[in-house]
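A.B. asks: Got a structure for you, written out below as C-alpha cells; questions coming shortly.
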Amino acid sequence: MTSADSIRGRAVVVQPGEGPSYWQPAPANGHAEPALFPGSTGFDGLSMGFQSVAPGGRIREHSHGEQVELQICFRGRGRVVVDGVAHRLVPGTACFLGYDVKHEIVNEGEEDLVMLWLVTPPGLEKFFEAIGRPRRTGETPPAPFERSRDVVAIERALGMNDTVR
C-alpha cells in the first residue's frame, strides 16, 4: 500500500484542547500544541500545530536543514528575525522558511504570541514533546523552567541546526 492509499478517504479533525500540549522551557515560556502529525493523521508528509510564546519570551534562533517550515501569526505582536533581518509579526503575518534559513521569534507584546506552524517532513512535534512538560488546557502556567542540558543534542537529532545552549 502506498502512502497516498493509506490516507485516501481519511480525514482528521482536531478541536482545541484535543491533541497533545506541552509547556515549553525558557526562553519561550509558553506552550506548544501539535495538532496534526503522522501519529494522528497516518500521513508521514507533514506536521502542524500551534506555539504560544509568553510575553517577553522568544524562540531561539535555529534553522532546519532538511525541513521547510511555514508560520502564520494568529495573535499577539512581536518580530521574526530571518537570516539577521527583523520583520514585524502581527496577526496574519505569514512566513515561508526554506532549508537552512536561520530564524528567531520574539514576543514584544503584553499577551501571548500565537503562531501556527507547519513543517515538512514532520518532526517538530517530537521536539516539543522531548523538551516540554505535559500540559492540560486551562492549567496555570508553571514557573519558567530551564531547557534540558542536552537540548542541543535533541535539536540536532530532530533536524534543527544553528542553535547554541
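All residue names refer to the C-alpha cells as shown: chains lettered A, B, ... in order, residues numbered from 1 in each chain, ligands numbered from 1 in order.
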How close does each residue of range 66-159 of chain A get to range 25-41 of chain A, giving the shortest atom pair and distance in Å to one decimal for every residue with an atom at most 8 Å away, counting only C-alpha atoms, sorted by chain and residue number, as a tab-separated table?
C.D. replies:
```
residue	atom	partner	partner_atom	distance
A:Asp112	CA	A:Gly30	CA	7.7
A:Pro122	CA	A:Phe37	CA	6.9
A:Glu125	CA	A:Pro34	CA	5.6
A:Phe128	CA	A:Ala32	CA	6.5
A:Ile131	CA	A:Pro25	CA	7.3
A:Gly132	CA	A:Pro25	CA	6.5
A:Arg135	CA	A:His31	CA	7.9
A:Pro141	CA	A:Gly30	CA	8.0
A:Pro144	CA	A:Asn29	CA	5.9
A:Phe145	CA	A:Pro25	CA	5.1
A:Glu146	CA	A:Pro25	CA	5.4
A:Arg147	CA	A:Pro25	CA	5.2
```
A.B. asks: Take the residues from that selection and put them in a file with all heavy atoms, as a compact mmCIF listing (two decimals), in the first residue's frame.
C.D. replies:
```
# COMPACT_ATOMS: atom_id res chain seq x y z
N ASP A 112 0.18 36.59 24.95
CA ASP A 112 0.86 35.51 24.25
C ASP A 112 0.91 35.79 22.75
O ASP A 112 -0.05 36.32 22.18
CB ASP A 112 0.12 34.18 24.47
CG ASP A 112 0.41 33.54 25.81
OD1 ASP A 112 1.23 34.09 26.58
OD2 ASP A 112 -0.20 32.49 26.09
N PRO A 122 7.67 15.90 8.70
CA PRO A 122 7.32 16.13 10.10
C PRO A 122 8.48 15.90 11.05
O PRO A 122 9.53 15.41 10.65
CB PRO A 122 6.20 15.11 10.34
CG PRO A 122 6.46 14.02 9.37
CD PRO A 122 7.06 14.69 8.15
N GLU A 125 6.88 18.15 16.16
CA GLU A 125 6.05 17.69 17.28
C GLU A 125 6.87 16.85 18.26
O GLU A 125 6.66 16.90 19.47
CB GLU A 125 4.82 16.92 16.78
CG GLU A 125 5.10 15.56 16.19
CD GLU A 125 5.67 15.53 14.77
OE1 GLU A 125 5.90 16.59 14.16
OE2 GLU A 125 5.91 14.42 14.28
N PHE A 128 8.93 19.28 20.55
CA PHE A 128 8.15 19.89 21.63
C PHE A 128 7.91 18.90 22.76
O PHE A 128 7.98 19.25 23.93
CB PHE A 128 6.82 20.43 21.10
CG PHE A 128 6.98 21.63 20.22
CD1 PHE A 128 6.39 21.66 18.98
CD2 PHE A 128 7.72 22.73 20.62
CE1 PHE A 128 6.51 22.77 18.15
CE2 PHE A 128 7.87 23.84 19.81
CZ PHE A 128 7.26 23.86 18.57
N ILE A 131 11.37 18.30 24.81
CA ILE A 131 11.89 19.34 25.70
C ILE A 131 10.84 19.89 26.66
O ILE A 131 11.17 20.62 27.59
CB ILE A 131 12.53 20.50 24.92
CG1 ILE A 131 11.48 21.31 24.17
CG2 ILE A 131 13.63 20.00 24.00
CD1 ILE A 131 11.96 22.67 23.73
N GLY A 132 9.57 19.57 26.42
CA GLY A 132 8.50 20.16 27.20
C GLY A 132 8.02 19.29 28.35
O GLY A 132 8.56 18.22 28.63
N ARG A 135 0.99 19.32 29.40
CA ARG A 135 0.12 20.43 29.79
C ARG A 135 -1.33 20.04 29.57
O ARG A 135 -1.64 19.37 28.60
CB ARG A 135 0.45 21.65 28.93
CG ARG A 135 -0.48 22.82 29.08
CD ARG A 135 -0.16 23.92 28.06
NE ARG A 135 -1.14 24.98 28.14
CZ ARG A 135 -2.23 25.05 27.38
NH1 ARG A 135 -2.49 24.14 26.47
NH2 ARG A 135 -3.08 26.05 27.53
N PRO A 141 0.01 28.25 34.19
CA PRO A 141 1.39 28.06 33.70
C PRO A 141 2.37 27.83 34.85
O PRO A 141 2.24 28.44 35.91
CB PRO A 141 1.70 29.39 33.00
CG PRO A 141 0.37 29.99 32.68
CD PRO A 141 -0.55 29.53 33.78
N PRO A 144 8.76 29.62 35.09
CA PRO A 144 9.70 29.33 34.00
C PRO A 144 10.69 28.25 34.44
O PRO A 144 11.16 28.23 35.57
CB PRO A 144 10.41 30.66 33.79
CG PRO A 144 9.40 31.68 34.20
CD PRO A 144 8.69 31.05 35.39
N PHE A 145 10.96 27.32 33.51
CA PHE A 145 11.90 26.25 33.79
C PHE A 145 12.94 26.19 32.68
O PHE A 145 12.69 26.60 31.56
CB PHE A 145 11.19 24.90 34.00
CG PHE A 145 10.39 24.39 32.83
CD1 PHE A 145 10.94 23.49 31.92
CD2 PHE A 145 9.08 24.82 32.64
CE1 PHE A 145 10.20 23.01 30.86
CE2 PHE A 145 8.32 24.35 31.57
CZ PHE A 145 8.89 23.44 30.68
N GLU A 146 14.11 25.69 33.05
CA GLU A 146 15.24 25.65 32.12
C GLU A 146 15.10 24.51 31.11
O GLU A 146 14.48 23.49 31.40
CB GLU A 146 16.55 25.48 32.90
CG GLU A 146 16.89 26.70 33.76
CD GLU A 146 17.07 27.97 32.94
OE1 GLU A 146 17.75 27.93 31.89
OE2 GLU A 146 16.49 29.00 33.35
N ARG A 147 15.72 24.71 29.98
CA ARG A 147 15.80 23.66 28.96
C ARG A 147 16.68 22.53 29.48
O ARG A 147 17.54 22.73 30.34
CB ARG A 147 16.44 24.21 27.68
CG ARG A 147 15.64 25.29 27.02
CD ARG A 147 16.29 25.76 25.72
NE ARG A 147 17.68 26.12 25.84
CZ ARG A 147 18.13 27.32 26.13
NH1 ARG A 147 17.29 28.31 26.33
NH2 ARG A 147 19.41 27.57 26.21
```
A.B. asks: Can you pull out every residue within 12 Å of Ala153 in chain A, counting only C-alpha atoms, but drop anything in the same chain fewer than 2 positions away, and send it as a list in words?
C.D. replies: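 The neighbour list is Phe127, Ala130, Ile131, Arg147, Ser148, Arg149, Asp150, Val151, Glu155, Arg156, Ala157, Leu158, Gly159, Met160, Asn161, Asp162, Thr163, Val164 and Arg165 of chain A.
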A.B. asks: Would you output that residue set with C-alpha atoms, as a short mmCIF file (atom, residue, chain, number, x, y, z; two decimals), in the first residue's frame?
C.D. replies:
```cif
data_model
loop_
_atom_site.label_atom_id
_atom_site.label_comp_id
_atom_site.auth_asym_id
_atom_site.auth_seq_id
_atom_site.Cartn_x
_atom_site.Cartn_y
_atom_site.Cartn_z
CA PHE A 127 10.91 18.21 19.61
CA ALA A 130 11.14 15.96 24.11
CA ILE A 131 11.89 19.34 25.70
CA ARG A 147 15.80 23.66 28.96
CA SER A 148 17.30 20.22 29.25
CA ARG A 149 21.10 20.21 29.37
CA ASP A 150 21.14 18.09 26.24
CA VAL A 151 18.76 20.38 24.29
CA GLU A 155 17.71 19.61 18.36
CA ARG A 156 20.37 18.03 16.14
CA ALA A 157 18.74 14.60 16.35
CA LEU A 158 15.45 16.14 15.19
CA GLY A 159 16.90 18.21 12.32
CA MET A 160 17.37 21.64 13.93
CA ASN A 161 20.64 23.45 13.33
CA ASP A 162 22.38 26.72 14.25
CA THR A 163 21.34 26.75 17.90
CA VAL A 164 23.56 27.22 20.91
CA ARG A 165 22.85 26.33 24.53
#
```
A.B. asks: Taking the backbone alone, and naming residues the way the document does, which bits of range 4-161 of chain A are alpha helix (DSSP H) by DSSP, as a list of chain:residue names?
C.D. replies: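 Across range 4-161 of chain A, those assigned alpha helix (DSSP H) are A:Ala4, A:Asp5, A:Ser6, A:Ile7, A:Pro38, A:Gly39, A:Ser40, A:Thr41, A:Leu124, A:Glu125, A:Lys126, A:Phe127, A:Phe128, A:Glu129, A:Ala130, A:Ile131, A:Val151, A:Val152, A:Ala153, A:Ile154, A:Glu155, A:Arg156, A:Ala157.
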A.B. asks: May I have the residues from that selection written out with N, CA and C atoms, as a compact mmCIF listing (two decimals), in the first residue's frame?
C.D. replies:
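out.txt, freshly written:
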```txt
# COMPACT_ATOMS: atom_id res chain seq x y z
N ALA A 4 -0.16 7.38 -0.27
CA ALA A 4 -1.39 8.00 -0.77
C ALA A 4 -2.59 7.10 -0.51
N ASP A 5 -2.43 5.80 -0.71
CA ASP A 5 -3.54 4.88 -0.47
C ASP A 5 -3.92 4.82 1.01
N SER A 6 -2.93 4.96 1.89
CA SER A 6 -3.21 4.85 3.32
C SER A 6 -4.05 6.01 3.84
N ILE A 7 -4.05 7.14 3.14
CA ILE A 7 -4.85 8.29 3.60
C ILE A 7 -6.02 8.61 2.67
N PRO A 38 1.99 12.68 11.95
CA PRO A 38 1.82 11.31 11.48
C PRO A 38 1.07 10.40 12.44
N GLY A 39 1.31 10.54 13.73
CA GLY A 39 0.63 9.69 14.70
C GLY A 39 -0.87 9.92 14.78
N SER A 40 -1.32 11.12 14.40
CA SER A 40 -2.75 11.40 14.46
C SER A 40 -3.43 11.31 13.10
N THR A 41 -2.67 11.47 12.02
CA THR A 41 -3.27 11.50 10.69
C THR A 41 -3.00 10.26 9.85
N LEU A 124 8.75 18.27 14.15
CA LEU A 124 8.76 19.33 15.16
C LEU A 124 7.93 18.93 16.38
N GLU A 125 6.88 18.15 16.16
CA GLU A 125 6.05 17.69 17.28
C GLU A 125 6.87 16.85 18.26
N LYS A 126 7.83 16.11 17.75
CA LYS A 126 8.69 15.29 18.62
C LYS A 126 9.62 16.16 19.45
N PHE A 127 10.06 17.27 18.87
CA PHE A 127 10.91 18.21 19.61
C PHE A 127 10.15 18.80 20.79
N PHE A 128 8.93 19.28 20.55
CA PHE A 128 8.15 19.89 21.63
C PHE A 128 7.91 18.90 22.76
N GLU A 129 7.65 17.66 22.41
CA GLU A 129 7.44 16.63 23.43
C GLU A 129 8.73 16.36 24.20
N ALA A 130 9.86 16.30 23.47
CA ALA A 130 11.14 15.96 24.11
C ALA A 130 11.61 17.02 25.10
N ILE A 131 11.37 18.30 24.81
CA ILE A 131 11.89 19.34 25.70
C ILE A 131 10.84 19.89 26.66
N VAL A 151 19.68 19.83 25.28
CA VAL A 151 18.76 20.38 24.29
C VAL A 151 19.40 20.48 22.90
N VAL A 152 20.67 20.83 22.82
CA VAL A 152 21.31 20.95 21.50
C VAL A 152 21.39 19.58 20.83
N ALA A 153 21.70 18.54 21.60
CA ALA A 153 21.73 17.19 21.03
C ALA A 153 20.34 16.76 20.56
N ILE A 154 19.31 17.11 21.33
CA ILE A 154 17.93 16.81 20.93
C ILE A 154 17.60 17.55 19.64
N GLU A 155 17.96 18.82 19.57
CA GLU A 155 17.71 19.61 18.36
C GLU A 155 18.39 18.99 17.14
N ARG A 156 19.65 18.61 17.28
CA ARG A 156 20.37 18.03 16.14
C ARG A 156 19.75 16.71 15.71
N ALA A 157 19.34 15.89 16.67
CA ALA A 157 18.74 14.60 16.35
C ALA A 157 17.42 14.76 15.60
```
A.B. asks: Pick from A:Val14, A:Ile105, A:Val80, A:Leu46: nearest to Ile59 in chain A, with only C-alpha atoms counted?
C.D. replies: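 Nearest candidate to Ile59 in chain A out of A:Val14, A:Ile105, A:Val80, A:Leu46: A:Ile105.
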A.B. asks: If I take CA of Glu18 in chain A and CA of Arg58 in chain A, how far is one from the other in Å, to one decimal?
C.D. replies: 25.5 Å
A.B. asks: As an exercise, work out the distance from CA of Gly84 in chain A to CA of Gly56 in chain A in Å and give it to one decimal place.
C.D. replies: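 Answer for the CA of Gly84 in chain A to CA of Gly56 in chain A separation: 19.4 Å.
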A.B. asks: Determine the nearest neighbour of Gln15 in chain A from the options A:His62, A:Thr137, A:Pro121, A:Leu97, counting only C-alpha atoms.
C.D. replies: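 Using only C-alpha atoms, Gln15 in chain A sits closest to A:Thr137.
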A.B. asks: Nearest to Val12 in chain A among A:Glu61, A:Glu110, A:Asp83, A:Gly42, with distances taken over only C-alpha atoms: which residue is it?
C.D. replies: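 Once distances to Val12 in chain A are computed over only C-alpha atoms, the minimum belongs to A:Gly42.
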A.B. asks: Give me the residues near Val68 in chain A as a ChimeraX atom specification, where near means some atom within 7 Å (using only C-alpha atoms) and where sequence neighbours in that chain fewer than 4 positions away do not count.
C.D. replies: /A:97-99,119-120
A.B. asks: Counting only C-alpha atoms, what is within 7 Å of Val81 in chain A, bar same-chain residues fewer than 6 positions away, as a PyMOL selection string?
C.D. replies: chain A and resi 87+103-105
A.B. asks: Generate the output file for the selected residues, all heavy atoms, as a compact mmCIF listing (two decimals), in the first residue's frame.
C.D. replies:
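Output file selection08.txt is given in full below:
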```txt
# COMPACT_ATOMS: atom_id res chain seq x y z
N HIS A 87 11.54 41.36 10.99
CA HIS A 87 10.26 41.64 10.34
C HIS A 87 9.20 41.68 11.43
O HIS A 87 9.20 40.85 12.35
CB HIS A 87 9.89 40.53 9.35
CG HIS A 87 10.92 40.29 8.30
ND1 HIS A 87 10.92 40.95 7.10
CD2 HIS A 87 12.00 39.48 8.29
CE1 HIS A 87 11.95 40.54 6.37
NE2 HIS A 87 12.62 39.64 7.08
N HIS A 103 16.15 31.48 11.80
CA HIS A 103 15.02 32.31 12.22
C HIS A 103 14.85 32.26 13.74
O HIS A 103 15.21 31.29 14.39
CB HIS A 103 13.74 31.90 11.50
CG HIS A 103 13.39 30.45 11.61
ND1 HIS A 103 14.05 29.47 10.90
CD2 HIS A 103 12.44 29.81 12.33
CE1 HIS A 103 13.53 28.29 11.18
NE2 HIS A 103 12.54 28.47 12.06
N GLU A 104 14.32 33.35 14.26
CA GLU A 104 14.06 33.52 15.69
C GLU A 104 12.77 34.30 15.81
O GLU A 104 12.48 35.18 15.00
CB GLU A 104 15.21 34.31 16.32
CG GLU A 104 15.00 34.71 17.75
CD GLU A 104 16.14 35.56 18.32
OE1 GLU A 104 16.89 36.17 17.53
OE2 GLU A 104 16.25 35.60 19.54
N ILE A 105 11.97 33.99 16.82
CA ILE A 105 10.71 34.69 17.05
C ILE A 105 10.77 35.32 18.43
O ILE A 105 11.14 34.67 19.41
CB ILE A 105 9.51 33.74 16.94
CG1 ILE A 105 9.41 33.21 15.51
CG2 ILE A 105 8.22 34.43 17.38
CD1 ILE A 105 8.36 32.15 15.32
```
A.B. asks: Could you pull out the strand (DSSP E or B) residues of range 31-129 of chain A, going by DSSP on the backbone, and write them as a short mmCIF file (atom, residue, chain, number, x, y, z; two decimals) with N, CA, C and O atoms, in the first residue's frame?
C.D. replies:
```cif
data_model
loop_
_atom_site.label_atom_id
_atom_site.label_comp_id
_atom_site.auth_asym_id
_atom_site.auth_seq_id
_atom_site.Cartn_x
_atom_site.Cartn_y
_atom_site.Cartn_z
N HIS A 31 3.66 27.45 25.44
CA HIS A 31 3.31 26.05 25.24
C HIS A 31 3.16 25.76 23.75
O HIS A 31 2.96 26.66 22.94
N ALA A 32 3.30 24.49 23.42
CA ALA A 32 3.17 24.04 22.04
C ALA A 32 2.09 22.97 21.98
O ALA A 32 1.98 22.12 22.88
N GLU A 33 1.29 23.03 20.91
CA GLU A 33 0.19 22.10 20.75
C GLU A 33 0.22 21.49 19.35
O GLU A 33 -0.39 22.02 18.42
N PRO A 34 0.96 20.38 19.17
CA PRO A 34 0.87 19.68 17.89
C PRO A 34 -0.56 19.25 17.66
O PRO A 34 -1.21 18.72 18.57
N ALA A 35 -1.08 19.48 16.47
CA ALA A 35 -2.47 19.13 16.19
C ALA A 35 -2.57 18.01 15.17
O ALA A 35 -3.30 17.04 15.37
N LEU A 36 -1.86 18.14 14.07
CA LEU A 36 -1.88 17.14 13.00
C LEU A 36 -0.46 16.68 12.75
O LEU A 36 0.42 17.50 12.44
N SER A 47 3.68 17.88 9.60
CA SER A 47 3.06 18.04 10.91
C SER A 47 2.69 19.51 11.05
O SER A 47 3.28 20.38 10.42
N MET A 48 1.69 19.77 11.89
CA MET A 48 1.16 21.12 12.05
C MET A 48 0.68 21.30 13.47
O MET A 48 0.20 20.35 14.11
N GLY A 49 0.83 22.50 13.98
CA GLY A 49 0.34 22.80 15.32
C GLY A 49 0.46 24.27 15.62
O GLY A 49 0.66 25.10 14.73
N PHE A 50 0.34 24.58 16.90
CA PHE A 50 0.39 25.96 17.37
C PHE A 50 1.45 26.09 18.44
O PHE A 50 1.66 25.17 19.23
N GLN A 51 2.08 27.24 18.48
CA GLN A 51 3.01 27.53 19.57
C GLN A 51 2.67 28.90 20.13
O GLN A 51 2.51 29.86 19.38
N SER A 52 2.55 28.97 21.45
CA SER A 52 2.31 30.23 22.15
C SER A 52 3.60 30.60 22.87
O SER A 52 4.16 29.81 23.61
N VAL A 53 4.04 31.84 22.61
CA VAL A 53 5.25 32.36 23.25
C VAL A 53 4.80 33.41 24.25
O VAL A 53 4.08 34.36 23.89
N ARG A 58 10.92 34.20 23.79
CA ARG A 58 11.41 34.10 22.42
C ARG A 58 11.72 32.66 22.08
O ARG A 58 11.98 31.84 22.97
N ILE A 59 11.65 32.37 20.79
CA ILE A 59 12.10 31.09 20.27
C ILE A 59 13.51 31.34 19.75
O ILE A 59 13.70 32.19 18.88
N ARG A 60 14.46 30.63 20.31
CA ARG A 60 15.87 30.86 19.97
C ARG A 60 16.12 30.69 18.47
O ARG A 60 15.44 29.92 17.81
N GLU A 61 17.12 31.40 17.98
CA GLU A 61 17.50 31.26 16.57
C GLU A 61 17.87 29.82 16.28
O GLU A 61 18.56 29.16 17.05
N HIS A 62 17.37 29.35 15.13
CA HIS A 62 17.66 27.99 14.68
C HIS A 62 17.36 27.91 13.19
O HIS A 62 16.82 28.85 12.60
N SER A 63 17.70 26.81 12.60
CA SER A 63 17.34 26.53 11.21
C SER A 63 16.98 25.05 11.13
O SER A 63 17.22 24.29 12.06
N HIS A 64 16.40 24.68 9.98
CA HIS A 64 16.04 23.28 9.73
C HIS A 64 16.77 22.86 8.46
O HIS A 64 16.47 23.38 7.39
N VAL A 68 11.15 22.21 5.61
CA VAL A 68 10.61 23.50 5.23
C VAL A 68 9.54 23.83 6.26
O VAL A 68 8.75 22.96 6.66
N GLU A 69 9.51 25.09 6.72
CA GLU A 69 8.55 25.49 7.74
C GLU A 69 7.71 26.67 7.24
O GLU A 69 8.24 27.60 6.65
N LEU A 70 6.42 26.59 7.50
CA LEU A 70 5.51 27.70 7.27
C LEU A 70 5.03 28.16 8.63
O LEU A 70 4.73 27.33 9.49
N GLN A 71 4.94 29.47 8.83
CA GLN A 71 4.45 30.03 10.09
C GLN A 71 3.43 31.11 9.78
O GLN A 71 3.62 31.90 8.85
N ILE A 72 2.37 31.15 10.58
CA ILE A 72 1.38 32.21 10.47
C ILE A 72 1.10 32.73 11.87
O ILE A 72 0.81 31.95 12.79
N CYS A 73 1.20 34.05 12.04
CA CYS A 73 0.90 34.67 13.33
C CYS A 73 -0.61 34.82 13.46
O CYS A 73 -1.26 35.36 12.57
N PHE A 74 -1.16 34.31 14.57
CA PHE A 74 -2.60 34.40 14.80
C PHE A 74 -2.98 35.43 15.85
O PHE A 74 -4.05 36.01 15.80
N ARG A 75 -2.11 35.63 16.84
CA ARG A 75 -2.43 36.54 17.94
C ARG A 75 -1.14 37.11 18.49
O ARG A 75 -0.10 36.45 18.50
N GLY A 78 5.05 40.96 17.76
CA GLY A 78 6.47 40.74 18.01
C GLY A 78 7.24 40.89 16.73
O GLY A 78 6.88 41.69 15.85
N ARG A 79 8.30 40.11 16.64
CA ARG A 79 9.11 40.14 15.42
C ARG A 79 9.68 38.77 15.15
O ARG A 79 9.88 37.97 16.07
N VAL A 80 9.90 38.52 13.87
CA VAL A 80 10.61 37.33 13.44
C VAL A 80 11.90 37.84 12.80
O VAL A 80 11.87 38.78 11.98
N VAL A 81 13.01 37.28 13.20
CA VAL A 81 14.30 37.65 12.62
C VAL A 81 14.70 36.51 11.70
O VAL A 81 14.87 35.38 12.13
N VAL A 82 14.80 36.82 10.40
CA VAL A 82 15.09 35.82 9.38
C VAL A 82 16.44 36.16 8.76
O VAL A 82 16.60 37.22 8.16
N VAL A 85 17.57 39.63 9.54
CA VAL A 85 16.70 40.76 9.19
C VAL A 85 15.40 40.65 9.99
O VAL A 85 14.70 39.63 9.91
N ALA A 86 15.07 41.70 10.74
CA ALA A 86 13.87 41.70 11.58
C ALA A 86 12.64 42.09 10.75
O ALA A 86 12.70 43.01 9.93
N HIS A 87 11.54 41.36 10.99
CA HIS A 87 10.26 41.64 10.34
C HIS A 87 9.20 41.68 11.43
O HIS A 87 9.20 40.85 12.35
N ARG A 88 8.26 42.59 11.31
CA ARG A 88 7.17 42.73 12.26
C ARG A 88 6.27 41.50 12.20
O ARG A 88 6.00 40.96 11.12
N LEU A 89 5.82 41.02 13.35
CA LEU A 89 4.84 39.93 13.45
C LEU A 89 3.55 40.50 14.01
O LEU A 89 3.54 41.04 15.12
N ALA A 94 2.58 35.92 7.50
CA ALA A 94 2.91 34.56 7.07
C ALA A 94 4.37 34.50 6.69
O ALA A 94 4.91 35.42 6.07
N CYS A 95 5.04 33.41 7.07
CA CYS A 95 6.46 33.22 6.79
C CYS A 95 6.68 31.87 6.12
O CYS A 95 6.14 30.86 6.56
N PHE A 96 7.48 31.87 5.08
CA PHE A 96 7.97 30.64 4.46
C PHE A 96 9.45 30.56 4.79
O PHE A 96 10.20 31.51 4.50
N LEU A 97 9.90 29.47 5.39
CA LEU A 97 11.29 29.31 5.81
C LEU A 97 11.84 28.05 5.18
O LEU A 97 11.50 26.94 5.59
N HIS A 103 16.15 31.48 11.80
CA HIS A 103 15.02 32.31 12.22
C HIS A 103 14.85 32.26 13.74
O HIS A 103 15.21 31.29 14.39
N GLU A 104 14.32 33.35 14.26
CA GLU A 104 14.06 33.52 15.69
C GLU A 104 12.77 34.30 15.81
O GLU A 104 12.48 35.18 15.00
N ILE A 105 11.97 33.99 16.82
CA ILE A 105 10.71 34.69 17.05
C ILE A 105 10.77 35.32 18.43
O ILE A 105 11.14 34.67 19.41
N VAL A 106 10.38 36.59 18.52
CA VAL A 106 10.42 37.33 19.78
C VAL A 106 9.05 37.93 20.04
O VAL A 106 8.48 38.60 19.18
N ASN A 107 8.50 37.66 21.23
CA ASN A 107 7.24 38.26 21.64
C ASN A 107 7.53 39.60 22.30
O ASN A 107 8.10 39.65 23.38
N LEU A 113 2.02 35.44 22.14
CA LEU A 113 2.18 35.48 20.69
C LEU A 113 1.88 34.06 20.22
O LEU A 113 2.54 33.11 20.64
N VAL A 114 0.85 33.90 19.39
CA VAL A 114 0.42 32.58 18.96
C VAL A 114 0.72 32.41 17.48
O VAL A 114 0.27 33.20 16.65
N MET A 115 1.49 31.37 17.18
CA MET A 115 1.91 31.07 15.82
C MET A 115 1.39 29.69 15.42
O MET A 115 1.44 28.74 16.21
N LEU A 116 0.88 29.57 14.19
CA LEU A 116 0.61 28.28 13.59
C LEU A 116 1.88 27.88 12.86
O LEU A 116 2.49 28.72 12.19
N TRP A 117 2.30 26.63 13.01
CA TRP A 117 3.47 26.14 12.28
C TRP A 117 3.09 24.89 11.49
O TRP A 117 2.23 24.12 11.91
N LEU A 118 3.70 24.75 10.35
CA LEU A 118 3.55 23.56 9.52
C LEU A 118 4.94 23.21 9.03
O LEU A 118 5.65 24.07 8.52
N VAL A 119 5.35 21.97 9.24
CA VAL A 119 6.70 21.52 8.88
C VAL A 119 6.59 20.29 8.00
O VAL A 119 5.80 19.38 8.28
N THR A 120 7.41 20.27 6.96
CA THR A 120 7.51 19.08 6.12
C THR A 120 8.98 18.82 5.81
O THR A 120 9.70 19.75 5.48
#
```
A.B. asks: Would you mind telling me which residue in A:Gly109, A:Pro16, A:Gly92, A:Gly9 lies nearest to Gly138 in chain A when using only C-alpha atoms?
C.D. replies: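 Residue with the minimum atom-to-atom distance to Gly138 in chain A: A:Pro16.
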